Amino acid sequence: VAVKRMTQNYIVTAHKSTAVTDVVTGNFTSPDDLNLIEARGNSLLINLVTPEGLKPILDATIYGRVALMQLFRPKNEQKDLLFLMTARYHIAVLSFDPSTSDLVTRASGEMLERVCKPTEGRQIGMIDPDCKMIALHIYTGLLKIIPLDLTSGGELKAFNVRLEDLYVIDLKFLHGYATPTIAYLTEETTGRTLKTSGISVRDKELVKGPWKPISVESQASLLQPVVSPCGGILVFGYETIIYCSEKVQHSIDPPIVKESIISCVGVVDRSRYLIGDANGRLLMLFVDSEEKIDGVTQVSSMKLEVLGECSGPSCVSYLDNGVVFVGSAHGDSQLLKLNATAGPNGSYVEVLDTFTSLAPIIDMSVVDLDKQGHDLIVTCSGLGKDGSLRVVRSGVGINEAASIDLSGVKGVWSLHGGPGSDQLDSMLVVSFVGHTTVLSLKGEEVEETEVPGLVSDQQTFFCGNVAGRNIVQITSTCVRLISEETLELVCDWHPPSGKNVSTAACNPTQVAVAVGSDLYYLEVKANKLNEVSHAVMQHEVACVDITPVGQRGDKADLCTIGLWTEIAVQVLFLPSLEVVYTQILGGDIIPRSVLMVSFAGCCYLLCALGDGTLHYFVLDPDSGQLSQSKRVVLGTKPITLKAFRSSGSTSVFACSNHPTIIHHSHQKLLFSNVNVKEVNYLCSLNSEAFKDSLAVVDDHSLVIGSVDQIQMLHIQTVPLSETVRRIAHQEGSRTFAVLTTRIDKASRQGTVPVRSSASTTVPNPTISRLPEGVTNPLAPDQEGDEVEIFSVLLLDENTFEVIHAYQLCPREHAVSITSCTLGTVNPSVYYVVGTAFVFMNEKEPSKGRILVFQVQSGRLNLICEKLENGAVFQVVSLNNSKLVASIRSAVTVFDFTEEGGLKQECTYTNNIMSLYIKTKGDFILVGDLMRSFKLLSYKQDTPQLEEISMDTKLNPVFLTAIEMIDDENYIGADGRHVFVCQKNSEATVEADLAYMLQPSRIYIGDNVNVFCRGSLVMDHPGSSASPFQGKPLLYATVTGALGLIGQLNSESFSLLSKIQSKMATLIKSVGNISHEVFRSFANEHKTQLSEGFIDGDLVEKFLDLKQSQMEDICKGIKSAEIQGTEVDVTVEDVVKLIEDLSRLH
């Protein structure tokens, strides 16, 4: 077989997991700190509990998905330690080091057993009350016991004890026993039983427990130990809550327990327990106890009360002072306040804070609505009442508060002034070619006004408040000093040569004015403009800046200028105007804007050119020297740089045809797109009606608005209050269509919705009728039974308002949807929906429908339907005229007839269950339930579907998502891994052509539900070459993570592979887990090292390293030159490549 070049992929997390699967509370960062620690996929979020809310301290990446964790405090420890285990059985005991604000691995180990069968239930782990041992139930019939000895050199070793019961549902340590004692729920032929056993460390076996086996409810699923003096354990079932101990049992079966399934339990104190259920309710269990004559304290009664509603909880933790954290894996997590009295709605729960989560992302659509190269991601997120669409935008939005039609604006500045004025802005000065206008701000009213001291018949280059309660206006002929109180002229300064001003800059005490190649430096003192110095530059000055940086406060020691002809930027000392540094920029495009800015003590010089390119340098504020030259393309038109403050920090707005906000984080500059089409000029505005705002000017208007929080991704929630299963976008009708499901209750009149949701509130819905040929063999639903109702919702693409609903038949599940063009004679755009009729007595659906809708007058009009013998798992367009559907094991091509019906053309049936389909030209990629990939080719002449190639390397594999990278490379996910298969087109033996190669694979520890072609950042026309070949792929996961996958060229991949290898050795992982082991591919049949993927999460940490560490990593690494020779790679080369990659997400 010919060896084919493997795909060279780059995979990176763009948005970390937001599903909170577990929480613990304790004193972790210090003895006096109260901490809440959240498990979110493969990261730990450590928060400090403060009176103002939760304050994040550390977001630590773990090399593995966190499966369980627990805080504990051994003897002689001043604060709590954290035990955790990953899904791949790596365990660690961690502490927090306040001096480095990082985690320290106190002990670690691996619990993997090659020959044991993993437990069928959930992985269970806990620490005994005396903190002497850890017990893990992760393999069937086996209990792993790990003695807790943190002085033994850091390695945790376990011994195995046999557990006779094979199916254990839950397991906990009991309090109050000298011998470590466990209680566990087990499934037996007669039902579920609660058993106890002691653990003999000496004999390394289980011994007889203190209690006799206790039969409990058949659906009992959760255990919660009760601390001393009562001891015992609580057993939570679907219908009852039972307290069990050696001497006494109590049981309650309130109706509210039967209304939903208990999902989590949290301890408040010895007598109160918080309970969360699947319906999103928070309940409180009160456990009363009494002391008997013999001095023994026993539980005497229990009572359960509903507190109120919350997000669907996965875990719950009581913090302090009536504050509760509810962590959710299928909705937003919440910080709640428990009140002593009920509110108007009868709830004792008050929401203090909400933490936005995308989890679980079931499906998503990536669209470019405004055709500006800026992709919008719309995710189907949440379950049940937490179901919603989440609109994910990269970059920063400007929230418009007011707008004025103005064209031809050449500059805008805010002022405060006038008799009795305060520090709030009261005017906007707007400059045009040849004249200047002043706008007065009175509340929300904006009107034109006159300022006596301001020149209005000339263009203004600068206007602003300065020291001494004055205003400076710089026009084309002079610099004017105006009283802030009287608004009258105080004095002015004219260029001695009599020539016009070409550019100027000003700060509260200093002015720099350029007149051709002449540069003048003025100071504002004692209500006067004093010319201090004058210098003649080698070339004409194109732009100037005099922003103070460094330690001098509001007075600058440096001035920077951009030059014509030489195409350079120069740094000058003040007041002498001595040139101390010249940086040649190269090329023939002149600098249009320069700006000195200080971010968190680090000073930079930014220089923007007329072609949308930005050069930036690290600036030494004392010597004026520039270093670490870097370049980025932000647009295609001239850029104007303006500094502004937002949320207490300084940022820079790059005004151009692709507006960008430049900000600083982790010692590096970050570039966030602004979600407006064009910005020419801008100024900060803080007036009575428009606090902390910006005045933004484009070609046609002046807009006043506030800027979003500056971050890379912004998430807008569109609540639907029902689970959203699938989504499709249709450009022609400017709509989205989504498949949703809600729960109704059966009644004599039909079904009644449990709660208000999107499909129940839309006016005039369409109700589908049961098609001929489908009969329900089961008896009608009993009154009160829960019934799933599926709908197709039509939404406006801009407002996301639900404009129509098409409700499917009872027991008809909406499975798939697509928007496509059908027909060859009169092609039109349709929404096509695939369904399945799900009956309890059928192992798999025997009937389903294909429904073809057309959007007409804002409604879904059913054009045709076709009944099929099975579930229609996927519907996809083929060649922009036909439809491909996967129906049970078959893949079928349909033609759309002139009469408006679907006609079957050909079918391929050699699959177990064809769940997923993707098409590209005549190629059809099939994702099978167990048989991985299969590639088919559609032969239109015959017509028939011909099998081209299949993947046999991974069989069996349970696919969760697929996509075609190109004609020969196909990417898939199986719930833990992402892998690429490749058509073996270079095989020399004909038989080998039928089998795919699998050259690339990596473990991500998350379940990928969908791949989509798209990007998180705006595509800039004319920008420098992207590190990726072609448009990258986005993926979305069950835990709410978004990731990016792109294809690299050979040189970049080779270089990054070497960097990755060295960094994996340099960076110490939490829990001493090897990066190589973490990313390796492992299923039930084989284990292989990761190949063909660069781990962007690791490689991008290079930018956070110290310079010396960067140099150590780059040492000895060679890169190929064009001539084929190899040269040593430089730190600057690596930084540029990784920065370019990091800006893509």
# chains A, B, ... in the order shown; residues from 1 in each chain; ligands from 1

call {"tool": "residues_around", "arguments": {"residues": "Ser221 in chain A", "least_positions_apart": "6", "cutoff": "8 Å", "atoms": "only C-alpha atoms", "output": "list in words"}}
result
Ile169, Asp170, Leu185, Val235, Phe236 and Gly237 of chain A

call {"tool": "residues_around", "arguments": {"residues": "Pro621 in chain A", "least_positions_apart": "6", "cutoff": "10 Å", "atoms": "only C-alpha atoms", "output": "list in words"}}
result
Pro548, Val549, Gly550, Gln551, Arg552, Ala556, Asp557, Leu558, Met596, Ser598, Cys602, Cys603 and Tyr604 of chain A

call {"tool": "write_last_selection", "arguments": {"atoms": "N, CA, C and O atoms", "output": "CSV table (one decimal), in the first residue's frame"}}
result
chain,number,residue,atom,x,y,z
A,548,PRO,N,0.5,60.7,27.2
A,548,PRO,CA,1.5,60.3,28.3
A,548,PRO,C,1.5,58.8,28.6
A,548,PRO,O,0.4,58.2,28.7
A,549,VAL,N,2.6,58.2,28.7
A,549,VAL,CA,2.8,56.9,29.1
A,549,VAL,C,3.9,56.8,30.2
A,549,VAL,O,4.7,57.7,30.3
A,550,GLY,N,4.0,55.7,30.9
A,550,GLY,CA,5.0,55.6,32.0
A,550,GLY,C,4.5,56.2,33.3
A,550,GLY,O,3.3,56.1,33.6
A,551,GLN,N,5.4,56.7,34.1
A,551,GLN,CA,5.1,57.1,35.5
A,551,GLN,C,4.8,58.6,35.7
A,551,GLN,O,4.5,59.0,36.8
A,552,ARG,N,4.7,59.4,34.6
A,552,ARG,CA,4.6,60.9,34.8
A,552,ARG,C,3.1,61.3,34.8
A,552,ARG,O,2.9,62.5,34.9
A,556,ALA,N,3.5,64.1,29.1
A,556,ALA,CA,4.3,63.1,28.3
A,556,ALA,C,5.8,63.5,28.2
A,556,ALA,O,6.1,64.7,28.2
A,557,ASP,N,6.7,62.5,28.3
A,557,ASP,CA,8.1,62.7,28.1
A,557,ASP,C,8.5,62.4,26.6
A,557,ASP,O,9.6,62.7,26.2
A,558,LEU,N,7.6,61.7,25.9
A,558,LEU,CA,7.9,61.3,24.6
A,558,LEU,C,6.8,61.8,23.6
A,558,LEU,O,5.6,62.0,24.0
A,596,MET,N,0.6,56.0,21.5
A,596,MET,CA,1.3,55.4,22.6
A,596,MET,C,0.2,55.0,23.6
A,596,MET,O,-0.6,55.9,23.9
A,598,SER,N,-0.6,52.6,27.3
A,598,SER,CA,-0.1,51.7,28.4
A,598,SER,C,-1.1,50.8,28.9
A,598,SER,O,-2.3,51.2,29.2
A,602,CYS,N,2.5,47.9,30.9
A,602,CYS,CA,3.3,47.6,29.7
A,602,CYS,C,3.0,48.6,28.6
A,602,CYS,O,1.8,48.8,28.2
A,603,CYS,N,4.0,49.3,28.1
A,603,CYS,CA,3.8,50.4,27.1
A,603,CYS,C,4.0,49.9,25.7
A,603,CYS,O,4.9,49.2,25.4
A,604,TYR,N,3.1,50.4,24.8
A,604,TYR,CA,3.2,50.0,23.4
A,604,TYR,C,3.1,51.2,22.5
A,604,TYR,O,2.5,52.2,22.9

call {"tool": "residues_around", "arguments": {"residues": "Asp492 in chain A", "least_positions_apart": "5", "cutoff": "6 Å", "atoms": "only C-alpha atoms", "output": "mmCIF file with C-alpha atoms, in the first residue's frame"}}
result
data_model
loop_
_atom_site.group_PDB
_atom_site.id
_atom_site.type_symbol
_atom_site.label_atom_id
_atom_site.label_comp_id
_atom_site.auth_asym_id
_atom_site.auth_seq_id
_atom_site.Cartn_x
_atom_site.Cartn_y
_atom_site.Cartn_z
ATOM 1 C CA VAL A 479 -4.354 76.527 18.197
ATOM 2 C CA ARG A 480 -7.013 78.236 20.348
ATOM 3 C CA LEU A 481 -7.307 78.229 24.156
#

call {"tool": "residues_around", "arguments": {"residues": "Ser1026 in chain A", "least_positions_apart": "3", "cutoff": "9 Å", "atoms": "only C-alpha atoms", "output": "PDB file with C-alpha atoms, in the first residue's frame"}}
result
ATOM      1  CA  SER A1023      -5.197  40.199   4.996  1.00  0.00           C
ATOM      2  CA  GLN A1029      -5.470  25.934   4.314  1.00  0.00           C
ATOM      3  CA  GLY A1030      -9.099  26.625   3.472  1.00  0.00           C
ATOM      4  CA  ASP A1140      -1.705  34.249  14.101  1.00  0.00           C
ATOM      5  CA  LEU A1141      -3.310  30.955  15.133  1.00  0.00           C
ATOM      6  CA  LEU A1144      -8.463  32.731  14.706  1.00  0.00           C
TER       7      LEU A1144
END

call {"tool": "residues_around", "arguments": {"residues": "Leu572 in chain A", "least_positions_apart": "6", "cutoff": "8 Å", "atoms": "only C-alpha atoms", "output": "list in words"}}
result
Leu558, Cys559, Thr560, Glu578, Val579, Val580, Tyr581 and Gly624 of chain A

call {"tool": "closest_atom_pairs", "arguments": {"of": "range 120-180 of chain A", "to": "range 61-81 of chain A", "cutoff": "9 Å", "atoms": "only C-alpha atoms", "output": "tab-separated table"}}
result
residue	atom	partner	partner_atom	distance
A:Gln123	CA	A:Ala67	CA	7.2
A:Ile124	CA	A:Leu68	CA	7.4
A:Gly125	CA	A:Leu68	CA	6.8
A:Met126	CA	A:Gln70	CA	7.0
A:Ile127	CA	A:Phe72	CA	7.5
A:Pro129	CA	A:Phe72	CA	8.6
A:Asp130	CA	A:Pro74	CA	7.5
A:Cys131	CA	A:Pro74	CA	5.5
A:Lys132	CA	A:Pro74	CA	7.7
A:Leu148	CA	A:Pro74	CA	8.9

call {"tool": "select_by_dssp", "arguments": {"residues": "range 632-877 of chain A", "states": "strand (DSSP E)", "output": "MDAnalysis selection string"}}
result
chainID A and resid 632:633 640:646 649:655 660:665 668:673 681:685 693:697 701:707 713:719 723:730 735:747 750:753 766:767 786:796 802:807 812:822 828:837 848:856 859:868 872:877

call {"tool": "write_last_selection", "arguments": {"atoms": "C-alpha atoms", "output": "compact mmCIF listing (two decimals), in the first residue's frame"}}
result
# COMPACT_ATOMS: atom_id res chain seq x y z
CA VAL A 632 -1.27 42.53 11.81
CA VAL A 633 -3.81 43.34 9.09
CA THR A 640 -7.47 55.85 12.92
CA LEU A 641 -6.44 54.85 16.47
CA LYS A 642 -8.37 56.14 19.49
CA ALA A 643 -7.83 55.14 23.13
CA PHE A 644 -10.88 54.82 25.40
CA ARG A 645 -11.76 53.33 28.78
CA SER A 646 -14.30 50.55 29.32
CA SER A 649 -9.51 49.42 31.77
CA THR A 650 -7.92 51.11 28.75
CA SER A 651 -8.58 49.81 25.24
CA VAL A 652 -7.85 51.12 21.75
CA PHE A 653 -10.43 51.44 18.99
CA ALA A 654 -9.02 50.97 15.48
CA CYS A 655 -11.47 52.84 13.24
CA THR A 660 -11.34 46.40 15.85
CA ILE A 661 -10.86 46.89 19.58
CA ILE A 662 -7.31 46.28 20.80
CA HIS A 663 -7.02 45.20 24.42
CA HIS A 664 -4.51 43.49 26.67
CA SER A 665 -4.60 40.21 28.55
CA LYS A 668 -0.19 40.18 25.10
CA LEU A 669 -2.35 42.30 22.81
CA LEU A 670 -5.69 40.87 21.73
CA PHE A 671 -7.77 42.01 18.77
CA SER A 672 -11.58 41.79 18.97
CA ASN A 673 -13.79 42.51 15.97
CA TYR A 681 -14.03 58.36 13.77
CA LEU A 682 -14.85 57.92 17.43
CA CYS A 683 -14.65 59.57 20.85
CA SER A 684 -15.53 58.66 24.43
CA LEU A 685 -18.70 60.23 25.81
CA SER A 693 -20.58 55.62 26.03
CA LEU A 694 -18.94 56.16 22.67
CA ALA A 695 -19.83 58.51 19.82
CA VAL A 696 -19.18 56.57 16.63
CA VAL A 697 -19.14 58.04 13.12
CA SER A 701 -24.43 58.86 10.65
CA LEU A 702 -23.23 59.59 14.16
CA VAL A 703 -24.26 56.89 16.63
CA ILE A 704 -24.11 57.16 20.42
CA GLY A 705 -23.96 53.82 22.20
CA SER A 706 -22.34 51.71 24.89
CA VAL A 707 -19.77 49.07 24.14
CA LEU A 713 -17.19 35.78 22.35
CA HIS A 714 -20.59 37.29 23.12
CA ILE A 715 -23.58 35.09 23.77
CA GLN A 716 -27.21 36.15 23.33
CA THR A 717 -29.94 33.91 24.75
CA VAL A 718 -33.18 33.28 22.87
CA PRO A 719 -35.28 31.36 25.43
CA THR A 723 -35.62 21.33 24.05
CA VAL A 724 -34.25 22.40 20.65
CA ARG A 725 -33.09 19.35 18.70
CA ARG A 726 -32.07 20.59 15.24
CA ILE A 727 -31.67 23.87 13.35
CA ALA A 728 -31.44 24.97 9.70
CA HIS A 729 -31.10 28.40 8.06
CA GLN A 730 -32.71 29.54 4.82
CA THR A 735 -35.52 32.53 8.47
CA PHE A 736 -34.31 29.78 10.77
CA ALA A 737 -36.31 26.59 11.28
CA VAL A 738 -35.81 24.53 14.44
CA LEU A 739 -37.11 21.19 15.68
CA THR A 740 -38.27 21.31 19.29
CA THR A 741 -39.85 18.99 21.83
CA ARG A 742 -41.89 19.74 24.91
CA ILE A 743 -43.65 17.65 27.56
CA ASP A 744 -47.46 17.66 27.72
CA LYS A 745 -49.77 15.86 30.13
CA ALA A 746 -52.45 13.59 28.74
CA SER A 747 -56.05 14.56 29.55
CA GLY A 750 -56.08 15.54 24.47
CA THR A 751 -52.76 16.84 25.75
CA VAL A 752 -52.14 19.88 27.93
CA PRO A 753 -48.74 21.65 28.02
CA THR A 766 -50.64 24.21 12.33
CA ILE A 767 -51.49 20.78 13.78
CA GLU A 786 -46.34 12.56 30.09
CA VAL A 787 -46.40 12.87 26.28
CA GLU A 788 -43.59 14.26 24.09
CA ILE A 789 -44.83 16.75 21.50
CA PHE A 790 -42.51 17.73 18.62
CA SER A 791 -42.85 20.90 16.56
CA VAL A 792 -41.18 22.69 13.66
CA LEU A 793 -40.74 26.37 14.57
CA LEU A 794 -40.07 29.15 12.06
CA LEU A 795 -38.04 32.12 13.34
CA ASP A 796 -37.05 35.47 11.87
CA VAL A 802 -41.09 32.68 16.47
CA ILE A 803 -43.48 33.45 13.62
CA HIS A 804 -45.08 30.05 13.00
CA ALA A 805 -45.27 26.56 14.50
CA TYR A 806 -46.08 23.27 12.79
CA GLN A 807 -46.93 20.65 15.43
CA GLU A 812 -44.03 11.50 15.94
CA HIS A 813 -40.48 12.60 16.68
CA ALA A 814 -38.79 15.27 14.58
CA VAL A 815 -35.33 13.85 13.84
CA SER A 816 -33.67 15.86 11.05
CA ILE A 817 -34.05 19.08 9.06
CA THR A 818 -32.32 20.82 6.18
CA SER A 819 -32.87 23.78 3.89
CA CYS A 820 -32.21 22.91 0.26
CA THR A 821 -33.05 23.62 -3.35
CA LEU A 822 -35.16 20.91 -4.99
CA SER A 828 -37.22 26.33 -5.36
CA VAL A 829 -35.93 26.47 -1.79
CA TYR A 830 -37.61 24.26 0.81
CA TYR A 831 -37.26 23.12 4.38
CA VAL A 832 -37.23 19.31 4.53
CA VAL A 833 -37.94 17.50 7.81
CA GLY A 834 -37.35 13.82 8.61
CA THR A 835 -39.44 12.18 11.35
CA ALA A 836 -39.97 8.86 13.14
CA PHE A 837 -43.06 7.38 14.81
CA GLY A 848 -41.37 7.82 9.53
CA ARG A 849 -42.12 10.72 7.23
CA ILE A 850 -40.30 13.14 4.96
CA LEU A 851 -42.09 16.51 5.09
CA VAL A 852 -41.33 19.21 2.51
CA PHE A 853 -42.23 22.79 3.56
CA GLN A 854 -42.08 26.09 1.75
CA VAL A 855 -42.09 29.43 3.59
CA GLN A 856 -45.03 31.46 2.32
CA ARG A 859 -45.79 30.36 7.54
CA LEU A 860 -44.60 26.83 6.92
CA ASN A 861 -46.72 25.51 4.08
CA LEU A 862 -46.60 21.72 3.66
CA ILE A 863 -45.89 21.03 -0.04
CA CYS A 864 -45.69 17.26 0.12
CA GLU A 865 -45.06 14.35 2.48
CA LYS A 866 -43.75 10.84 2.00
CA LEU A 867 -44.27 7.93 4.39
CA GLU A 868 -41.17 5.74 4.88
CA VAL A 872 -35.60 9.33 8.69
CA PHE A 873 -32.34 10.05 10.52
CA GLN A 874 -30.91 12.60 8.09
CA VAL A 875 -32.01 14.66 5.09
CA VAL A 876 -29.36 16.44 2.96
CA SER A 877 -29.24 18.23 -0.38

call {"tool": "atom_distance", "arguments": {"atom1": "CA of Val1134 in chain A", "atom2": "CA of Leu626 in chain A"}}
result
20.0 Å

call {"tool": "residues_around", "arguments": {"residues": "Gly312 in chain A", "least_positions_apart": "4", "cutoff": "8 Å", "atoms": "only C-alpha atoms", "output": "compact mmCIF listing (two decimals) with all heavy atoms, in the first residue's frame"}}
result
# COMPACT_ATOMS: atom_id res chain seq x y z
N GLY A 276 -32.30 18.81 44.38
CA GLY A 276 -32.67 19.31 43.06
C GLY A 276 -33.31 18.20 42.26
O GLY A 276 -32.87 17.04 42.34
N ASP A 277 -34.35 18.52 41.48
CA ASP A 277 -34.98 17.47 40.67
C ASP A 277 -34.92 17.83 39.19
O ASP A 277 -34.55 18.95 38.81
CB ASP A 277 -36.41 17.17 41.14
CG ASP A 277 -37.42 18.27 40.84
OD1 ASP A 277 -37.10 19.17 40.04
OD2 ASP A 277 -38.53 18.23 41.40
N ALA A 278 -35.28 16.86 38.37
CA ALA A 278 -35.14 17.00 36.92
C ALA A 278 -36.06 18.07 36.33
O ALA A 278 -35.83 18.53 35.21
CB ALA A 278 -35.40 15.66 36.24
N ASN A 279 -37.10 18.45 37.06
CA ASN A 279 -38.00 19.50 36.57
C ASN A 279 -37.48 20.90 36.88
O ASN A 279 -38.15 21.89 36.59
CB ASN A 279 -39.39 19.33 37.19
CG ASN A 279 -40.20 18.26 36.49
OD1 ASN A 279 -39.81 17.77 35.44
ND2 ASN A 279 -41.33 17.89 37.07
N GLY A 280 -36.30 20.98 37.50
CA GLY A 280 -35.74 22.29 37.82
C GLY A 280 -36.35 22.89 39.06
O GLY A 280 -36.55 24.10 39.14
N ARG A 281 -36.64 22.04 40.05
CA ARG A 281 -37.15 22.55 41.33
C ARG A 281 -36.08 22.36 42.41
O ARG A 281 -35.30 21.41 42.38
CB ARG A 281 -38.42 21.82 41.76
CG ARG A 281 -39.62 22.07 40.87
CD ARG A 281 -40.85 21.38 41.40
NE ARG A 281 -40.64 19.95 41.60
CZ ARG A 281 -41.54 19.13 42.14
NH1 ARG A 281 -42.70 19.61 42.54
NH2 ARG A 281 -41.28 17.85 42.28
N SER A 328 -25.45 23.36 36.68
CA SER A 328 -26.29 22.68 35.69
C SER A 328 -25.46 22.23 34.50
O SER A 328 -24.58 22.96 34.03
CB SER A 328 -27.41 23.62 35.21
OG SER A 328 -28.21 22.98 34.24
N ALA A 329 -25.73 21.03 34.03
CA ALA A 329 -25.11 20.53 32.81
C ALA A 329 -26.02 20.70 31.61
O ALA A 329 -25.63 20.38 30.48
CB ALA A 329 -24.74 19.05 32.97
N HIS A 330 -27.25 21.17 31.82
CA HIS A 330 -28.17 21.39 30.69
C HIS A 330 -28.96 22.68 30.85
O HIS A 330 -30.15 22.75 30.56
CB HIS A 330 -29.10 20.20 30.51
CG HIS A 330 -29.65 19.63 31.79
ND1 HIS A 330 -30.69 20.20 32.46
CD2 HIS A 330 -29.27 18.55 32.49
CE1 HIS A 330 -30.96 19.48 33.53
NE2 HIS A 330 -30.12 18.47 33.58
N GLY A 331 -28.25 23.72 31.29
CA GLY A 331 -28.84 25.04 31.43
C GLY A 331 -27.83 25.96 32.08
O GLY A 331 -26.69 25.58 32.34
N LYS A 385 -37.13 23.00 30.14
CA LYS A 385 -37.46 24.42 30.34
C LYS A 385 -36.26 25.33 30.13
O LYS A 385 -36.40 26.53 29.95
CB LYS A 385 -38.05 24.63 31.73
CG LYS A 385 -37.06 24.48 32.85
CD LYS A 385 -37.65 24.96 34.16
CE LYS A 385 -36.57 24.99 35.24
NZ LYS A 385 -37.06 25.60 36.47
N ASP A 386 -35.04 24.75 30.18
CA ASP A 386 -33.82 25.53 29.93
C ASP A 386 -33.44 25.55 28.46
O ASP A 386 -32.39 26.09 28.09
CB ASP A 386 -32.65 24.95 30.73
CG ASP A 386 -32.91 24.99 32.24
OD1 ASP A 386 -33.40 26.03 32.70
OD2 ASP A 386 -32.64 23.99 32.92

call {"tool": "atom_distance", "arguments": {"atom1": "CA of Gly1092 in chain A", "atom2": "CA of Lys920 in chain A"}}
result
23.3 Å

call {"tool": "closest_residue", "arguments": {"among": "A:Pro771, A:Leu54, A:Glu844, A:Thr1039", "to": "Ala39 in chain A", "atoms": "only C-alpha atoms"}}
result
A:Thr1039

call {"tool": "select_by_dssp", "arguments": {"residues": "range 754-863 of chain A", "states": "alpha helix (DSSP H)", "output": "PyMOL selection string"}}
result
chain A and resi 758-761

call {"tool": "write_last_selection", "arguments": {"atoms": "N, CA and C atoms", "output": "CSV table (one decimal), in the first residue's frame"}}
result
chain,number,residue,atom,x,y,z
A,758,ALA,N,-42.3,28.1,23.6
A,758,ALA,CA,-42.3,28.8,22.3
A,758,ALA,C,-43.4,28.2,21.4
A,759,SER,N,-43.6,26.9,21.4
A,759,SER,CA,-44.6,26.3,20.5
A,759,SER,C,-46.0,26.4,21.0
A,760,THR,N,-46.2,26.7,22.3
A,760,THR,CA,-47.5,26.9,22.9
A,760,THR,C,-48.0,28.3,22.8
A,761,THR,N,-47.1,29.3,22.6
A,761,THR,CA,-47.5,30.7,22.7
A,761,THR,C,-47.6,31.3,21.3

call {"tool": "closest_residue", "arguments": {"among": "A:Cys607, A:Leu935, A:Ala158, A:Ala994", "to": "Asp967 in chain A", "atoms": "only C-alpha atoms"}}
result
A:Leu935

call {"tool": "residues_around", "arguments": {"residues": "Gly154 in chain A", "least_positions_apart": "2", "cutoff": "7 Å", "atoms": "only C-alpha atoms", "output": "ChimeraX atom specification"}}
result
/A:106-108,150-152,156

call {"tool": "write_last_selection", "arguments": {"atoms": "C-alpha atoms", "output": "JSON list (two decimals), in the first residue's frame"}}
result
[["chain", "number", "residue", "atom", "x", "y", "z"],
["A", 106, "ARG", "CA", 0.54, 16.43, 46.45],
["A", 107, "ALA", "CA", 0.01, 12.87, 45.23],
["A", 108, "SER", "CA", -1.12, 11.12, 42.08],
["A", 150, "LEU", "CA", 0.66, 11.91, 51.52],
["A", 151, "THR", "CA", 4.21, 11.43, 52.82],
["A", 152, "SER", "CA", 5.08, 8.41, 50.68],
["A", 156, "LEU", "CA", -1.06, 6.79, 45.26]]

call {"tool": "closest_residue", "arguments": {"among": "A:Leu595, A:Val20, A:Gln510, A:Ser394", "to": "Gln334 in chain A", "atoms": "only C-alpha atoms"}}
result
A:Val20
